[in-house]
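Visitor: Take a look at this one; I'll ask things after.
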2 protein chains.
Amino acid sequence: MRAAEMSVPPDEFETIARLFRPLTGGAPEAFGLMDDAAAIPSRPGHDLIVTKDALVAGVHFLEGDPPGLIARKLLRTNLSDLAAKAAEPFAYFLAVSWPESADWAYREAFAAGLAEDQATYGVKLLGGDTTSTRGPLTASVTLLGWTPSGRMVPRGGARPGDIVLVSGTIGDGGLGLEAARGSLGLPASDVEWLAARYRLPEPRLTLRQALRDHASAAADVSDGLIADAGHIGDASGAGIEIDLDRLPLSAPAAAWLARQPDPAAARLHLATAGDDYEVVCTARPEAADGLMAGANTPLTVIGRVVEGQGTKVFSGGLAVPVVSSGWRHR
Amino acid sequence: MRAAEMSVPPDEFETIARLFRPLTGGAPEAFGLMDDAAAIPSRPGHDLIVTKDALVAGVHFLEGDPPGLIARKLLRTNLSDLAAKAAEPFAYFLAVSWPESADWAYREAFAAGLAEDQATYGVKLLGGDTTSTRGPLTASVTLLGWTPSGRMVPRGGARPGDIVLVSGTIGDGGLGLEAARGSLGLPASDVEWLAARYRLPEPRLTLRQALRDHASAAADVSDGLIADAGHIGDASGAGIEIDLDRLPLSAPAAAWLARQPDPAAARLHLATAGDDYEVVCTARPEAADGLMAGANTPLTVIGRVVEGQGTKVFSGGLAVPVVSSGWRHR
């Protein structure tokens, strides 16, 4: 059947056969997506690292976003989890519930986005499910990666005395969402750059070896820096202190900050906005040099791990009250 | 925070901490659901079998179905895939998108359903994601199981000359959906029994050893017997012939059949209705005795594998035209 002849909405068997089967790259584990399951041989000396994140239109991306970008963001948010665990990406499973508006061209663009990022990140599709929905587009990816046995970098490994570091720059994701919505009063080039950071995060997979060799704990920054650093503290049974004045900022975020009347509140906004998909990690102070030298992405020291519990935030040497540490998932 | 004090809709962190964390059973792989990922040690000599199925309210179950039953059906449809692959269930990942109406009590009942079936089937929760949606309840499970290396029973192993068998009884799922909708003119006890078969399928995990030792191919019956037998034929590069007169029927399905004006058409209806979650499999004729003796569930010979391609259906020795072989996923 040619695409142009297909009824709308398209048939799920056709969607799988024509759009998703090529994404297996002929991987024997996938049986051409013609079986009930995939079979993954054990890899001696390795742990399989598994993460599963879902995206819903109107919650995690804008309804009108191009389908290729949505698909790439879906893969990348999951790849970001693997990056924080110092895992090597391997393969993924996909469940998509298509709304009625997702015609063949929409699905083709979605699959093309997956194909593009598969090539970039070296993963392949092994299975999944497609269904219809009368609601918004909903999709989940279960992403698999490998680490040497017992070498996943956990959230729970931070100890008092460790330093806290973060990769790249913070706040671009949150500002990017505002930029994409048109509510940010910045020059067009800044708006465009920030919106792209929101729509297409860059998972920090190049940190892998440095994290594995030198970090005591790590998490990806999806909910917001303060929240995700707090997750490390909670999982480790320790407290976290963050110095907002050390926040690494992009030039557009710095330009935005310069226009805000209350700098401390504005920095807190950037540190709680989420969607950065950077990596926040901890390390013994003596490991810091090795960690920063081995990372192919800039890492900035932003705080420390302390006895106790909870996350404290400072600016100008004063405590800044945190009402909401990050995006509350609902 | 006490449940009664919680805002509606409930917070996802609370949902994970209070309802889903207990479902890990303290499994070390899950890190108490406090990490970005789970870590699964390799199991030498084994393959990890992975299946992922999604359910959407209004498509795969009735909107008003009790949340505990929905959760159990979600697990069971995935367990049925593992059953057909002769895999031993191990653990699962869950993504749920809650509609606004899913308050705390609804989520508690959903988690209680998972807990009940986890205990029955010996699986545990290792991770996943929860989000909100303005659409219908949407949930996917990624289920993991084990087989000895290279011993997954595939769809693609059938050869001309093999016999085709099916477990249990066929047609109850489809009649059960009609029963649940109140459109079936049968005695109340039959209606209740059939509706329960639709709402709560029983994955045929007890077939494991017999399938592994004696079957050449297998699939679970979710789309409809004719469609799923056809999937085996397609994956195997062979044709399938099914004798509708050999269809194993439950007493309520037989009672329904006795009231139908066109018995062959009615049998075809049962064989294409889907939602049975039985196992259809193939075997060399000389393996049939061993297969049936080793199965703890009745198996019935319903057809054979032939040269060529496509699925042919017979009743009273005559070919029955098949317009739709099963439920077309949309």
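Following the order of the structure tokens, first chain is A, next is B, and so on, with residues numbered from 1 inside each chain and ligands from 1 in the order they appear.
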Tell me the residues of chain B close to chain A, meaning within 7 Å using only C-alpha atoms, as a VMD selection string.
Guide: chain B and resid 11 to 12 34 to 44 46 to 54 56 81 95 128 to 129 131 to 136 149 154 to 155 219 235 329 to 330
Visitor: Keeping only C-alpha atoms, write those residues as a PDB file, in the first residue's frame.
Guide:
```
ATOM      1  CA  ASP B  11       1.893  14.950  43.484  1.00  0.00           C
ATOM      2  CA  GLU B  12       3.924  12.486  41.427  1.00  0.00           C
ATOM      3  CA  MET B  34      15.352   7.066  43.991  1.00  0.00           C
ATOM      4  CA  ASP B  35      17.762   6.854  41.059  1.00  0.00           C
ATOM      5  CA  ASP B  36      17.622   7.760  37.369  1.00  0.00           C
ATOM      6  CA  ALA B  37      17.848   4.123  36.324  1.00  0.00           C
ATOM      7  CA  ALA B  38      17.899   0.511  37.458  1.00  0.00           C
ATOM      8  CA  ALA B  39      20.975  -1.709  37.204  1.00  0.00           C
ATOM      9  CA  ILE B  40      20.466  -5.368  36.276  1.00  0.00           C
ATOM     10  CA  PRO B  41      23.476  -7.659  36.666  1.00  0.00           C
ATOM     11  CA  SER B  42      24.075  -9.988  33.751  1.00  0.00           C
ATOM     12  CA  ARG B  43      22.892 -13.557  34.267  1.00  0.00           C
ATOM     13  CA  PRO B  44      25.418 -15.798  32.561  1.00  0.00           C
ATOM     14  CA  HIS B  46      20.645 -16.506  29.990  1.00  0.00           C
ATOM     15  CA  ASP B  47      18.968 -14.083  27.611  1.00  0.00           C
ATOM     16  CA  LEU B  48      16.915 -11.189  28.926  1.00  0.00           C
ATOM     17  CA  ILE B  49      13.515 -11.269  27.214  1.00  0.00           C
ATOM     18  CA  VAL B  50      11.923  -7.825  26.939  1.00  0.00           C
ATOM     19  CA  THR B  51       8.357  -6.924  25.949  1.00  0.00           C
ATOM     20  CA  LYS B  52       6.555  -3.593  26.135  1.00  0.00           C
ATOM     21  CA  ASP B  53       2.800  -3.124  25.823  1.00  0.00           C
ATOM     22  CA  ALA B  54       0.681  -0.049  26.422  1.00  0.00           C
ATOM     23  CA  VAL B  56      -5.167   3.302  26.798  1.00  0.00           C
ATOM     24  CA  ASP B  81       3.847 -12.151  25.854  1.00  0.00           C
ATOM     25  CA  ALA B  95       4.974   4.495  32.889  1.00  0.00           C
ATOM     26  CA  GLY B 128       9.528   4.014  35.405  1.00  0.00           C
ATOM     27  CA  ASP B 129       7.805   7.348  35.220  1.00  0.00           C
ATOM     28  CA  THR B 131       3.068  12.036  34.532  1.00  0.00           C
ATOM     29  CA  SER B 132      -0.205  13.843  34.199  1.00  0.00           C
ATOM     30  CA  THR B 133      -2.319  13.961  31.047  1.00  0.00           C
ATOM     31  CA  ARG B 134      -5.400  15.847  29.980  1.00  0.00           C
ATOM     32  CA  GLY B 135      -6.344  12.749  28.009  1.00  0.00           C
ATOM     33  CA  PRO B 136      -7.410   9.257  29.081  1.00  0.00           C
ATOM     34  CA  SER B 149      20.599 -18.565  26.190  1.00  0.00           C
ATOM     35  CA  PRO B 154      10.212 -17.366  18.508  1.00  0.00           C
ATOM     36  CA  ARG B 155       7.356 -16.586  16.175  1.00  0.00           C
ATOM     37  CA  ALA B 219       2.707 -16.207  19.973  1.00  0.00           C
ATOM     38  CA  ALA B 235       7.471 -14.576  10.628  1.00  0.00           C
ATOM     39  CA  HIS B 329      -4.687  -1.721  16.045  1.00  0.00           C
ATOM     40  CA  ARG B 330      -5.324   1.949  15.477  1.00  0.00           C
TER      41      ARG B 330
END
```
Visitor: List as a VMD selection string the protein and nucleic acid residues near Ala71 of chain B, meaning an atom at most 7 Å away when only C-alpha atoms are counted, but skip any in the same chain fewer than 6 places from it.
Guide: chain B and resid 110 113 to 114
Visitor: List every residue of segment 165-300 of chain B that DSSP, applied to the backbone of this structure, assigns to helix (DSSP H, G or I), and report them as a ChimeraX atom specification.
Guide: /B:172-180,188-199,205-214,225-236,244-246,251-258,263-272,285-294
Visitor: To one decimal place in Å, what is the distance between atom CA of Asp275 of chain B and atom CA of Pro203 of chain B?
Guide: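 Atom-to-atom, atom CA of Asp275 of chain B and atom CA of Pro203 of chain B are spaced 11.3 Å apart.
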Visitor: Name all residues at most 10 Å from Ala254 of chain B (count only C-alpha atoms; drop same-chain ones fewer than 6 positions away) and give them as a list in words.
Guide: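 Non-adjacent residues within range: Gly171, Asp172, Pro248 and Arg267 of chain B.
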Visitor: Take the residues from that selection and put them in a file with N, CA and C atoms, as a PDB file, in the first residue's frame.
Guide:
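To be explicit, this is the file written out as part.pdb:
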```pdb
ATOM      1  N   GLY B 171     -12.220 -17.164  22.106  1.00  0.00           N
ATOM      2  CA  GLY B 171     -13.438 -16.392  21.871  1.00  0.00           C
ATOM      3  C   GLY B 171     -14.017 -15.765  23.129  1.00  0.00           C
ATOM      4  N   ASP B 172     -13.543 -16.221  24.293  1.00  0.00           N
ATOM      5  CA  ASP B 172     -14.102 -15.697  25.543  1.00  0.00           C
ATOM      6  C   ASP B 172     -13.786 -14.213  25.721  1.00  0.00           C
ATOM      7  N   PRO B 248     -11.352 -24.754  20.457  1.00  0.00           N
ATOM      8  CA  PRO B 248     -11.749 -25.106  21.828  1.00  0.00           C
ATOM      9  C   PRO B 248     -12.614 -23.994  22.417  1.00  0.00           C
ATOM     10  N   ARG B 267     -18.196 -18.975  14.474  1.00  0.00           N
ATOM     11  CA  ARG B 267     -16.882 -19.487  14.879  1.00  0.00           C
ATOM     12  C   ARG B 267     -15.764 -18.547  14.419  1.00  0.00           C
TER      13      ARG B 267
END
```
Visitor: Would you pick out the contacts of Val305 of chain A at 7 Å or less, using only C-alpha atoms, so that residues sharing its chain but fewer than 3 positions from it are not included, and give the list as a short mmCIF file (atom, residue, chain, number, x, y, z; two decimals) with C-alpha atoms, in the first residue's frame?
Guide:
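File written: result.cif
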```cif
data_model
loop_
_atom_site.label_atom_id
_atom_site.label_comp_id
_atom_site.auth_asym_id
_atom_site.auth_seq_id
_atom_site.Cartn_x
_atom_site.Cartn_y
_atom_site.Cartn_z
CA ARG A 159 29.33 11.84 51.35
CA PRO A 160 29.75 14.91 53.56
CA GLY A 161 32.83 16.80 52.40
CA ASP A 162 32.21 16.02 48.72
CA ILE A 163 31.98 18.91 46.30
CA VAL A 164 28.96 19.41 44.02
CA ALA A 238 23.21 13.88 53.38
CA GLY A 239 22.54 17.59 53.01
CA ILE A 240 23.44 19.74 50.00
CA GLU A 241 24.52 23.39 49.90
#
```
Visitor: My list of candidates is B:Arg204, B:Glu307, B:Gly174, B:Glu286. Which is closest to Ala266 of chain B when distances are computed with only C-alpha atoms?
Guide: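 Ranking B:Arg204, B:Glu307, B:Gly174, B:Glu286 by distance to Ala266 of chain B, first place goes to B:Gly174.
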